[in-house]
>>> print(open('query31.txt').read())   # compact mmCIF, N, CA and C atoms
# COMPACT_ATOMS: atom_id res chain seq x y z
N MET A 125 15.71 39.21 24.41
CA MET A 125 15.60 37.77 24.31
C MET A 125 17.00 37.17 24.50
N ASP A 126 17.09 36.10 25.28
CA ASP A 126 18.36 35.43 25.54
C ASP A 126 18.71 34.50 24.38
N ILE A 127 19.50 34.99 23.43
CA ILE A 127 19.86 34.22 22.23
C ILE A 127 20.59 32.94 22.61
N GLU A 128 21.52 33.02 23.55
CA GLU A 128 22.30 31.84 23.92
C GLU A 128 21.46 30.79 24.63
N GLY A 129 20.28 31.15 25.12
CA GLY A 129 19.36 30.18 25.68
C GLY A 129 18.56 29.45 24.60
N LEU A 130 18.65 29.94 23.36
CA LEU A 130 17.86 29.36 22.27
C LEU A 130 18.70 28.61 21.25
N ILE A 131 19.97 28.98 21.09
CA ILE A 131 20.83 28.30 20.12
C ILE A 131 22.10 27.80 20.81
N PRO A 132 22.72 26.77 20.27
CA PRO A 132 23.92 26.22 20.91
C PRO A 132 25.22 26.98 20.59
N HIS A 133 25.19 27.96 19.72
CA HIS A 133 26.40 28.65 19.27
C HIS A 133 26.91 29.63 20.32
N ARG A 134 28.23 29.68 20.46
CA ARG A 134 28.87 30.54 21.45
C ARG A 134 30.09 31.24 20.84
N ASP A 135 30.54 32.26 21.56
CA ASP A 135 31.76 32.99 21.22
C ASP A 135 31.76 33.43 19.75
N ARG A 136 32.85 33.19 19.04
CA ARG A 136 32.98 33.64 17.64
C ARG A 136 31.97 32.99 16.70
N MET A 137 31.44 31.84 17.07
CA MET A 137 30.49 31.16 16.19
C MET A 137 29.06 31.65 16.36
N ARG A 138 28.79 32.44 17.37
CA ARG A 138 27.44 33.01 17.49
C ARG A 138 27.42 34.29 16.66
N LEU A 139 26.71 34.24 15.55
CA LEU A 139 26.68 35.37 14.63
C LEU A 139 25.47 36.27 14.84
N ILE A 140 24.41 35.75 15.42
CA ILE A 140 23.19 36.54 15.63
C ILE A 140 23.44 37.56 16.73
N GLY A 141 23.11 38.81 16.43
CA GLY A 141 23.27 39.87 17.41
C GLY A 141 21.98 40.25 18.09
N GLU A 142 20.87 40.17 17.36
CA GLU A 142 19.58 40.62 17.89
C GLU A 142 18.45 39.84 17.21
N VAL A 143 17.40 39.57 17.98
CA VAL A 143 16.20 38.93 17.43
C VAL A 143 15.21 40.04 17.12
N MET A 144 14.81 40.14 15.88
CA MET A 144 13.84 41.16 15.47
C MET A 144 12.41 40.64 15.57
N ALA A 145 12.22 39.35 15.24
CA ALA A 145 10.90 38.73 15.32
C ALA A 145 11.08 37.22 15.33
N VAL A 146 10.19 36.53 16.03
CA VAL A 146 10.19 35.07 16.00
C VAL A 146 8.79 34.58 16.34
N ASP A 147 8.35 33.58 15.60
CA ASP A 147 7.09 32.90 15.89
C ASP A 147 7.20 31.47 15.37
N ASP A 148 6.11 30.76 15.33
CA ASP A 148 6.16 29.35 14.93
C ASP A 148 6.55 29.14 13.47
N ASP A 149 6.39 30.16 12.63
CA ASP A 149 6.61 30.01 11.20
C ASP A 149 7.87 30.65 10.65
N ARG A 150 8.41 31.65 11.37
CA ARG A 150 9.58 32.36 10.84
C ARG A 150 10.35 33.05 11.95
N ALA A 151 11.58 33.40 11.63
CA ALA A 151 12.41 34.19 12.55
C ALA A 151 13.16 35.21 11.71
N ILE A 152 13.36 36.39 12.31
CA ILE A 152 14.13 37.45 11.66
C ILE A 152 15.18 37.91 12.66
N THR A 153 16.44 37.92 12.22
CA THR A 153 17.53 38.33 13.11
C THR A 153 18.35 39.44 12.46
N LEU A 154 19.09 40.14 13.31
CA LEU A 154 19.99 41.21 12.87
C LEU A 154 21.39 40.86 13.34
N SER A 155 22.35 41.00 12.45
CA SER A 155 23.75 40.69 12.76
C SER A 155 24.64 41.75 12.14
N ALA A 156 25.73 42.09 12.81
CA ALA A 156 26.70 43.04 12.27
C ALA A 156 28.02 42.31 12.05
N VAL A 157 28.56 42.42 10.85
CA VAL A 157 29.82 41.76 10.50
C VAL A 157 30.95 42.36 11.34
N THR A 158 31.74 41.48 11.97
CA THR A 158 32.89 41.93 12.75
C THR A 158 34.15 41.18 12.30
N GLU A 159 35.29 41.65 12.79
CA GLU A 159 36.57 41.00 12.50
C GLU A 159 36.65 39.62 13.13
N GLU A 160 35.81 39.34 14.12
CA GLU A 160 35.82 38.06 14.83
C GLU A 160 35.09 36.95 14.08
N TRP A 161 34.31 37.30 13.07
CA TRP A 161 33.52 36.31 12.36
C TRP A 161 34.39 35.32 11.59
N PRO A 162 33.93 34.08 11.47
CA PRO A 162 34.62 33.14 10.59
C PRO A 162 34.62 33.70 9.16
N LEU A 163 35.63 33.39 8.40
CA LEU A 163 35.79 33.78 7.00
C LEU A 163 36.06 35.28 6.81
N TYR A 164 36.44 35.98 7.90
CA TYR A 164 36.82 37.39 7.80
C TYR A 164 38.23 37.49 7.24
N ARG A 165 38.40 38.45 6.32
CA ARG A 165 39.72 38.72 5.76
C ARG A 165 39.70 40.08 5.07
N ASP A 166 40.68 40.89 5.35
CA ASP A 166 40.89 42.16 4.63
C ASP A 166 39.64 43.04 4.56
N GLY A 167 38.93 43.18 5.67
CA GLY A 167 37.82 44.12 5.71
C GLY A 167 36.46 43.59 5.29
N SER A 168 36.36 42.27 5.07
CA SER A 168 35.06 41.70 4.69
C SER A 168 35.01 40.21 5.01
N VAL A 169 33.81 39.65 4.94
CA VAL A 169 33.65 38.20 5.12
C VAL A 169 33.15 37.59 3.81
N ASP A 170 33.50 36.33 3.60
CA ASP A 170 33.03 35.59 2.44
C ASP A 170 31.52 35.40 2.57
N ALA A 171 30.81 35.47 1.46
CA ALA A 171 29.36 35.30 1.46
C ALA A 171 28.92 33.92 1.95
N LEU A 172 29.82 32.96 1.99
CA LEU A 172 29.50 31.64 2.54
C LEU A 172 28.97 31.72 3.97
N VAL A 173 29.34 32.76 4.70
CA VAL A 173 28.89 32.92 6.08
C VAL A 173 27.37 33.07 6.16
N THR A 174 26.73 33.47 5.06
CA THR A 174 25.27 33.61 5.08
C THR A 174 24.57 32.27 5.29
N ILE A 175 25.23 31.18 4.91
CA ILE A 175 24.65 29.86 5.17
C ILE A 175 24.52 29.65 6.68
N GLU A 176 25.56 30.03 7.41
CA GLU A 176 25.53 29.91 8.87
C GLU A 176 24.50 30.85 9.48
N LEU A 177 24.33 32.04 8.92
CA LEU A 177 23.30 32.95 9.43
C LEU A 177 21.90 32.36 9.27
N VAL A 178 21.63 31.74 8.14
CA VAL A 178 20.33 31.10 7.93
C VAL A 178 20.17 29.93 8.90
N ALA A 179 21.22 29.13 9.07
CA ALA A 179 21.16 27.98 9.99
C ALA A 179 20.93 28.44 11.43
N GLN A 180 21.63 29.49 11.86
CA GLN A 180 21.45 29.97 13.23
C GLN A 180 20.07 30.60 13.44
N THR A 181 19.56 31.27 12.43
CA THR A 181 18.23 31.85 12.54
C THR A 181 17.17 30.75 12.59
N ALA A 182 17.37 29.68 11.83
CA ALA A 182 16.47 28.52 11.91
C ALA A 182 16.57 27.87 13.29
N ALA A 183 17.79 27.74 13.80
CA ALA A 183 17.98 27.16 15.14
C ALA A 183 17.31 28.01 16.20
N LEU A 184 17.36 29.32 16.04
CA LEU A 184 16.71 30.22 16.99
C LEU A 184 15.19 29.99 16.99
N MET A 185 14.61 29.88 15.80
CA MET A 185 13.17 29.64 15.70
C MET A 185 12.80 28.31 16.36
N GLU A 186 13.57 27.29 16.09
CA GLU A 186 13.28 25.97 16.68
C GLU A 186 13.53 25.98 18.19
N GLY A 187 14.57 26.68 18.64
CA GLY A 187 14.84 26.80 20.07
C GLY A 187 13.73 27.54 20.78
N TRP A 188 13.21 28.59 20.14
CA TRP A 188 12.10 29.35 20.70
C TRP A 188 10.87 28.46 20.86
N LYS A 189 10.59 27.64 19.84
CA LYS A 189 9.43 26.73 19.91
C LYS A 189 9.64 25.67 21.00
N ARG A 190 10.88 25.16 21.13
CA ARG A 190 11.17 24.17 22.17
C ARG A 190 10.99 24.79 23.56
N LEU A 191 11.49 25.99 23.74
CA LEU A 191 11.38 26.68 25.02
C LEU A 191 9.91 26.94 25.37
N LYS A 192 9.16 27.37 24.38
CA LYS A 192 7.73 27.65 24.55
C LYS A 192 6.95 26.39 24.95
N SER A 193 7.41 25.24 24.46
CA SER A 193 6.71 23.98 24.78
C SER A 193 7.26 23.30 26.04
N GLY A 194 8.25 23.95 26.69
CA GLY A 194 8.79 23.41 27.93
C GLY A 194 9.89 22.39 27.78
N ARG A 195 10.47 22.26 26.57
CA ARG A 195 11.53 21.28 26.32
C ARG A 195 12.93 21.87 26.41
N GLY A 196 13.08 23.13 26.73
CA GLY A 196 14.41 23.76 26.75
C GLY A 196 14.74 24.31 25.39
N GLY A 197 15.60 25.31 25.35
CA GLY A 197 15.83 26.03 24.11
C GLY A 197 16.82 25.44 23.14
N THR A 198 17.99 25.05 23.58
CA THR A 198 19.04 24.69 22.64
C THR A 198 18.97 23.23 22.23
N SER A 199 19.35 22.98 21.00
CA SER A 199 19.41 21.63 20.46
C SER A 199 20.31 21.66 19.24
N GLY A 200 21.20 20.70 19.12
CA GLY A 200 22.11 20.66 17.98
C GLY A 200 21.48 20.00 16.77
N TRP A 201 21.82 20.49 15.59
CA TRP A 201 21.33 19.96 14.32
C TRP A 201 22.52 19.66 13.42
N LEU A 202 22.36 18.69 12.55
CA LEU A 202 23.28 18.48 11.44
C LEU A 202 22.64 19.19 10.25
N VAL A 203 23.41 20.04 9.57
CA VAL A 203 22.84 20.86 8.51
C VAL A 203 23.54 20.59 7.19
N GLY A 204 22.74 20.50 6.14
CA GLY A 204 23.26 20.37 4.78
C GLY A 204 22.72 21.49 3.92
N ILE A 205 23.46 21.87 2.91
CA ILE A 205 23.04 22.95 2.02
C ILE A 205 22.28 22.34 0.86
N LYS A 206 21.04 22.76 0.72
CA LYS A 206 20.22 22.29 -0.40
C LYS A 206 20.49 23.16 -1.63
N THR A 207 20.37 24.49 -1.45
CA THR A 207 20.71 25.44 -2.51
C THR A 207 21.27 26.71 -1.87
N ALA A 208 22.08 27.42 -2.61
CA ALA A 208 22.61 28.70 -2.14
C ALA A 208 22.86 29.60 -3.35
N ASP A 209 22.27 30.79 -3.32
CA ASP A 209 22.43 31.78 -4.38
C ASP A 209 23.05 33.02 -3.73
N PHE A 210 24.34 33.21 -3.96
CA PHE A 210 25.05 34.36 -3.39
C PHE A 210 25.03 35.51 -4.40
N ARG A 211 24.54 36.66 -3.97
CA ARG A 211 24.44 37.81 -4.86
C ARG A 211 25.68 38.69 -4.78
N LEU A 212 26.46 38.55 -3.70
CA LEU A 212 27.72 39.26 -3.52
C LEU A 212 28.78 38.24 -3.12
N PRO A 213 30.02 38.40 -3.58
CA PRO A 213 31.06 37.45 -3.16
C PRO A 213 31.54 37.68 -1.73
N ARG A 214 31.55 38.96 -1.30
CA ARG A 214 32.03 39.30 0.04
C ARG A 214 31.12 40.38 0.63
N ILE A 215 31.06 40.40 1.96
CA ILE A 215 30.22 41.35 2.69
C ILE A 215 31.13 42.21 3.55
N PRO A 216 31.01 43.55 3.46
CA PRO A 216 31.95 44.43 4.16
C PRO A 216 31.80 44.41 5.68
N LEU A 217 32.90 44.71 6.34
CA LEU A 217 32.94 44.86 7.79
C LEU A 217 31.88 45.87 8.23
N HIS A 218 31.21 45.57 9.33
CA HIS A 218 30.17 46.40 9.96
C HIS A 218 28.84 46.41 9.21
N ALA A 219 28.73 45.67 8.09
CA ALA A 219 27.44 45.59 7.40
C ALA A 219 26.41 45.01 8.37
N LYS A 220 25.20 45.54 8.33
CA LYS A 220 24.09 45.05 9.16
C LYS A 220 23.26 44.10 8.31
N LEU A 221 23.29 42.82 8.68
CA LEU A 221 22.62 41.78 7.92
C LEU A 221 21.30 41.39 8.58
N ILE A 222 20.25 41.41 7.81
CA ILE A 222 18.93 40.96 8.27
C ILE A 222 18.69 39.60 7.64
N THR A 223 18.48 38.60 8.50
CA THR A 223 18.25 37.24 8.03
C THR A 223 16.84 36.83 8.38
N GLU A 224 16.08 36.41 7.38
CA GLU A 224 14.73 35.90 7.60
C GLU A 224 14.69 34.44 7.16
N THR A 225 14.26 33.59 8.07
CA THR A 225 14.21 32.15 7.80
C THR A 225 12.81 31.64 8.07
N ARG A 226 12.33 30.79 7.16
CA ARG A 226 11.02 30.15 7.31
C ARG A 226 11.19 28.64 7.15
N LYS A 227 10.39 27.90 7.91
CA LYS A 227 10.42 26.45 7.74
C LYS A 227 9.56 26.11 6.53
N ASP A 228 10.15 25.42 5.57
CA ASP A 228 9.46 25.05 4.34
C ASP A 228 8.76 23.71 4.49
N TYR A 229 9.41 22.78 5.20
CA TYR A 229 8.91 21.41 5.27
C TYR A 229 9.52 20.75 6.50
N ALA A 230 8.75 19.87 7.15
CA ALA A 230 9.30 19.13 8.29
C ALA A 230 8.60 17.78 8.41
N MET A 231 9.38 16.78 8.81
CA MET A 231 8.84 15.45 9.08
C MET A 231 9.76 14.79 10.10
N GLU A 232 9.18 14.45 11.26
CA GLU A 232 9.93 13.86 12.36
C GLU A 232 11.13 14.73 12.71
N SER A 233 12.34 14.23 12.63
CA SER A 233 13.51 15.02 13.03
C SER A 233 14.23 15.67 11.84
N TYR A 234 13.56 15.76 10.70
CA TYR A 234 14.12 16.35 9.48
C TYR A 234 13.31 17.60 9.11
N ALA A 235 13.99 18.66 8.66
CA ALA A 235 13.30 19.87 8.23
C ALA A 235 14.08 20.57 7.13
N VAL A 236 13.37 21.33 6.31
CA VAL A 236 13.97 22.17 5.28
C VAL A 236 13.59 23.62 5.61
N PHE A 237 14.60 24.49 5.62
CA PHE A 237 14.41 25.90 5.91
C PHE A 237 14.86 26.74 4.73
N GLU A 238 14.10 27.78 4.43
CA GLU A 238 14.45 28.74 3.38
C GLU A 238 14.82 30.05 4.05
N GLY A 239 15.95 30.63 3.64
CA GLY A 239 16.38 31.87 4.26
C GLY A 239 16.84 32.91 3.25
N THR A 240 16.62 34.16 3.60
CA THR A 240 17.08 35.29 2.80
C THR A 240 17.89 36.20 3.71
N VAL A 241 19.06 36.61 3.21
CA VAL A 241 19.93 37.52 3.96
C VAL A 241 20.01 38.82 3.16
N ARG A 242 19.75 39.95 3.84
CA ARG A 242 19.74 41.25 3.19
C ARG A 242 20.62 42.25 3.94
N VAL A 243 21.10 43.23 3.21
CA VAL A 243 21.68 44.43 3.79
C VAL A 243 20.72 45.53 3.34
N GLY A 244 19.93 46.05 4.28
CA GLY A 244 18.87 46.98 3.90
C GLY A 244 17.87 46.25 3.03
N THR A 245 17.62 46.76 1.83
CA THR A 245 16.70 46.09 0.90
C THR A 245 17.44 45.22 -0.12
N GLU A 246 18.77 45.27 -0.12
CA GLU A 246 19.55 44.49 -1.08
C GLU A 246 19.71 43.04 -0.61
N VAL A 247 19.27 42.10 -1.43
CA VAL A 247 19.42 40.68 -1.11
C VAL A 247 20.86 40.28 -1.35
N VAL A 248 21.48 39.72 -0.30
CA VAL A 248 22.86 39.27 -0.35
C VAL A 248 22.93 37.78 -0.71
N ALA A 249 21.97 37.00 -0.17
CA ALA A 249 21.96 35.56 -0.43
C ALA A 249 20.57 34.99 -0.18
N VAL A 250 20.25 33.94 -0.94
CA VAL A 250 19.04 33.15 -0.72
C VAL A 250 19.52 31.72 -0.54
N VAL A 251 19.20 31.13 0.62
CA VAL A 251 19.77 29.84 1.00
C VAL A 251 18.66 28.89 1.44
N SER A 252 18.77 27.65 1.03
CA SER A 252 17.89 26.59 1.49
C SER A 252 18.76 25.53 2.17
N ILE A 253 18.40 25.20 3.42
CA ILE A 253 19.18 24.20 4.15
C ILE A 253 18.28 23.04 4.56
N GLN A 254 18.89 21.89 4.72
CA GLN A 254 18.25 20.72 5.27
C GLN A 254 18.83 20.51 6.66
N ALA A 255 17.98 20.21 7.62
CA ALA A 255 18.46 20.05 8.99
C ALA A 255 17.93 18.75 9.57
N PHE A 256 18.79 18.07 10.32
CA PHE A 256 18.44 16.81 10.96
C PHE A 256 18.86 16.89 12.42
N ARG A 257 17.92 16.57 13.30
CA ARG A 257 18.21 16.56 14.74
C ARG A 257 18.27 15.10 15.17
N PRO A 258 19.47 14.52 15.29
CA PRO A 258 19.61 13.07 15.51
C PRO A 258 19.15 12.58 16.89
N GLU A 259 19.15 13.42 17.92
CA GLU A 259 18.85 12.92 19.26
C GLU A 259 17.36 12.86 19.56
N GLU A 260 16.52 13.30 18.62
CA GLU A 260 15.07 13.33 18.90
C GLU A 260 14.30 12.76 17.75
N ASN A 261 13.15 12.25 18.02
CA ASN A 261 12.20 11.82 17.01
C ASN A 261 10.91 12.61 17.24
N THR A 262 10.91 13.88 16.82
CA THR A 262 9.73 14.73 17.03
C THR A 262 9.14 15.17 15.73
>>> encode(input="query31.txt", output="structure tokens")
Amino acid sequence: MDIEGLIPHRDRMRLIGEVMAVDDDRAITLSAVTEEWPLYRDGSVDALVTIELVAQTAALMEGWKRLKSGRGGTSGWLVGIKTADFRLPRIPLHAKLITETRKDYAMESYAVFEGTVRVGTEVVAVVSIQAFRPEENT
């Protein structure tokens, strides 16, 4: 799957490495922590990066739905953090992160997404984000 055709993130800001599953209700992605990631320092990244993983996985799901409906894949969103529960302060280099995001609620150009980030079966973070797409009224 062409990830860059579905989300607007590029270069160091594109954290998603692989799409494991995507449909109208949820998306699951796989990412490996690298030295190039934002918030990398001394062999690990700050757990705050999981917020961006949830946001990018939500963007991927929405981009997939847009592409499927013939509207094109990428679209920018303004994102706010509703809640974030970090189970680890830092995530080690090369950790394989599985991010699952589901849309909880949507109305017009506003949506709430719930996401869980795991390393294997260990939950690293549970994040809820609010997203607003200003250029559309859908």
>>> closest_atom_pairs(input="query31.txt", of="segment 153-178 of chain A", to="segment 245-254 of chain A", cutoff="8 Å", atoms="all atoms listed in the file", output="CSV")
residue,atom,partner,partner_atom,distance
A:Ala171,CA,A:Val248,C,7.2
A:Thr174,CA,A:Ala249,CA,6.7
A:Ile175,CA,A:Val251,CA,6.4
A:Val178,CA,A:Val251,C,7.1
>>> closest_residue(input="query31.txt", among="A:Leu202, A:Met231, A:Ala182, A:Ala219", to="Gly244 of chain A", atoms="all atoms listed in the file")
A:Ala219
>>> atom_distance(input="query31.txt", atom1="atom N of Val173 of chain A", atom2="atom N of Ala208 of chain A")
11.6 Å
>>> closest_residue(input="query31.txt", among="A:Met185, A:Ala156, A:Ile140, A:Ala255", to="Thr225 of chain A", atoms="only C-alpha atoms")
A:Met185
>>> select_by_dssp(input="query31.txt", residues="chain A", states="strand (DSSP E)", output="ChimeraX atom specification")
/A:142-146,150-156,164-165,168-170,202-210,214-216,220-231,234-243,246-256
>>> closest_residue(input="query31.txt", among="A:Val243, A:Glu232, A:Arg214, A:Lys220", to="Ser168 of chain A", atoms="all atoms listed in the file")
A:Arg214
>>> atom_distance(input="query31.txt", atom1="atom C of Gly239 of chain A", atom2="atom CA of Glu224 of chain A")
5.7 Å
>>> atom_distance(input="query31.txt", atom1="atom CA of Lys227 of chain A", atom2="atom CA of Leu191 of chain A")
17.3 Å
>>> select_by_dssp(input="query31.txt", residues="chain A", states="alpha helix (DSSP H)", output="list of chain:residue names")
A:Val173, A:Thr174, A:Ile175, A:Glu176, A:Leu177, A:Val178, A:Ala179, A:Gln180, A:Thr181, A:Ala182, A:Ala183, A:Leu184, A:Met185, A:Glu186, A:Gly187, A:Trp188, A:Lys189, A:Arg190, A:Leu191, A:Lys192
>>> axis_aligned_box(input="query31.txt", around="segment 142-156 of chain A", padding_each_side="8 Å", output="lines of an AutoDock Vina configuration file")
center_x = 17.1
center_y = 36.1
center_z = 14.3
size_x = 37.9
size_y = 29.9
size_z = 23.3
>>> residues_around(input="query31.txt", residues="Glu142 of chain A", least_positions_apart="5", cutoff="7 Å", atoms="only C-alpha atoms", output="short mmCIF file (atom, residue, chain, number, x, y, z; two decimals) with N, CA and C atoms, keeping the file's coordinate frame")
data_model
loop_
_atom_site.label_atom_id
_atom_site.label_comp_id
_atom_site.auth_asym_id
_atom_site.auth_seq_id
_atom_site.Cartn_x
_atom_site.Cartn_y
_atom_site.Cartn_z
N THR A 153 16.44 37.92 12.22
CA THR A 153 17.53 38.33 13.11
C THR A 153 18.35 39.44 12.46
N LEU A 154 19.09 40.14 13.31
CA LEU A 154 19.99 41.21 12.87
C LEU A 154 21.39 40.86 13.34
N SER A 155 22.35 41.00 12.45
CA SER A 155 23.75 40.69 12.76
C SER A 155 24.64 41.75 12.14
#
>>> closest_residue(input="query31.txt", among="A:Gly187, A:Gly204, A:Gly194, A:Gly167", to="Leu217 of chain A", atoms="all atoms listed in the file")
A:Gly167
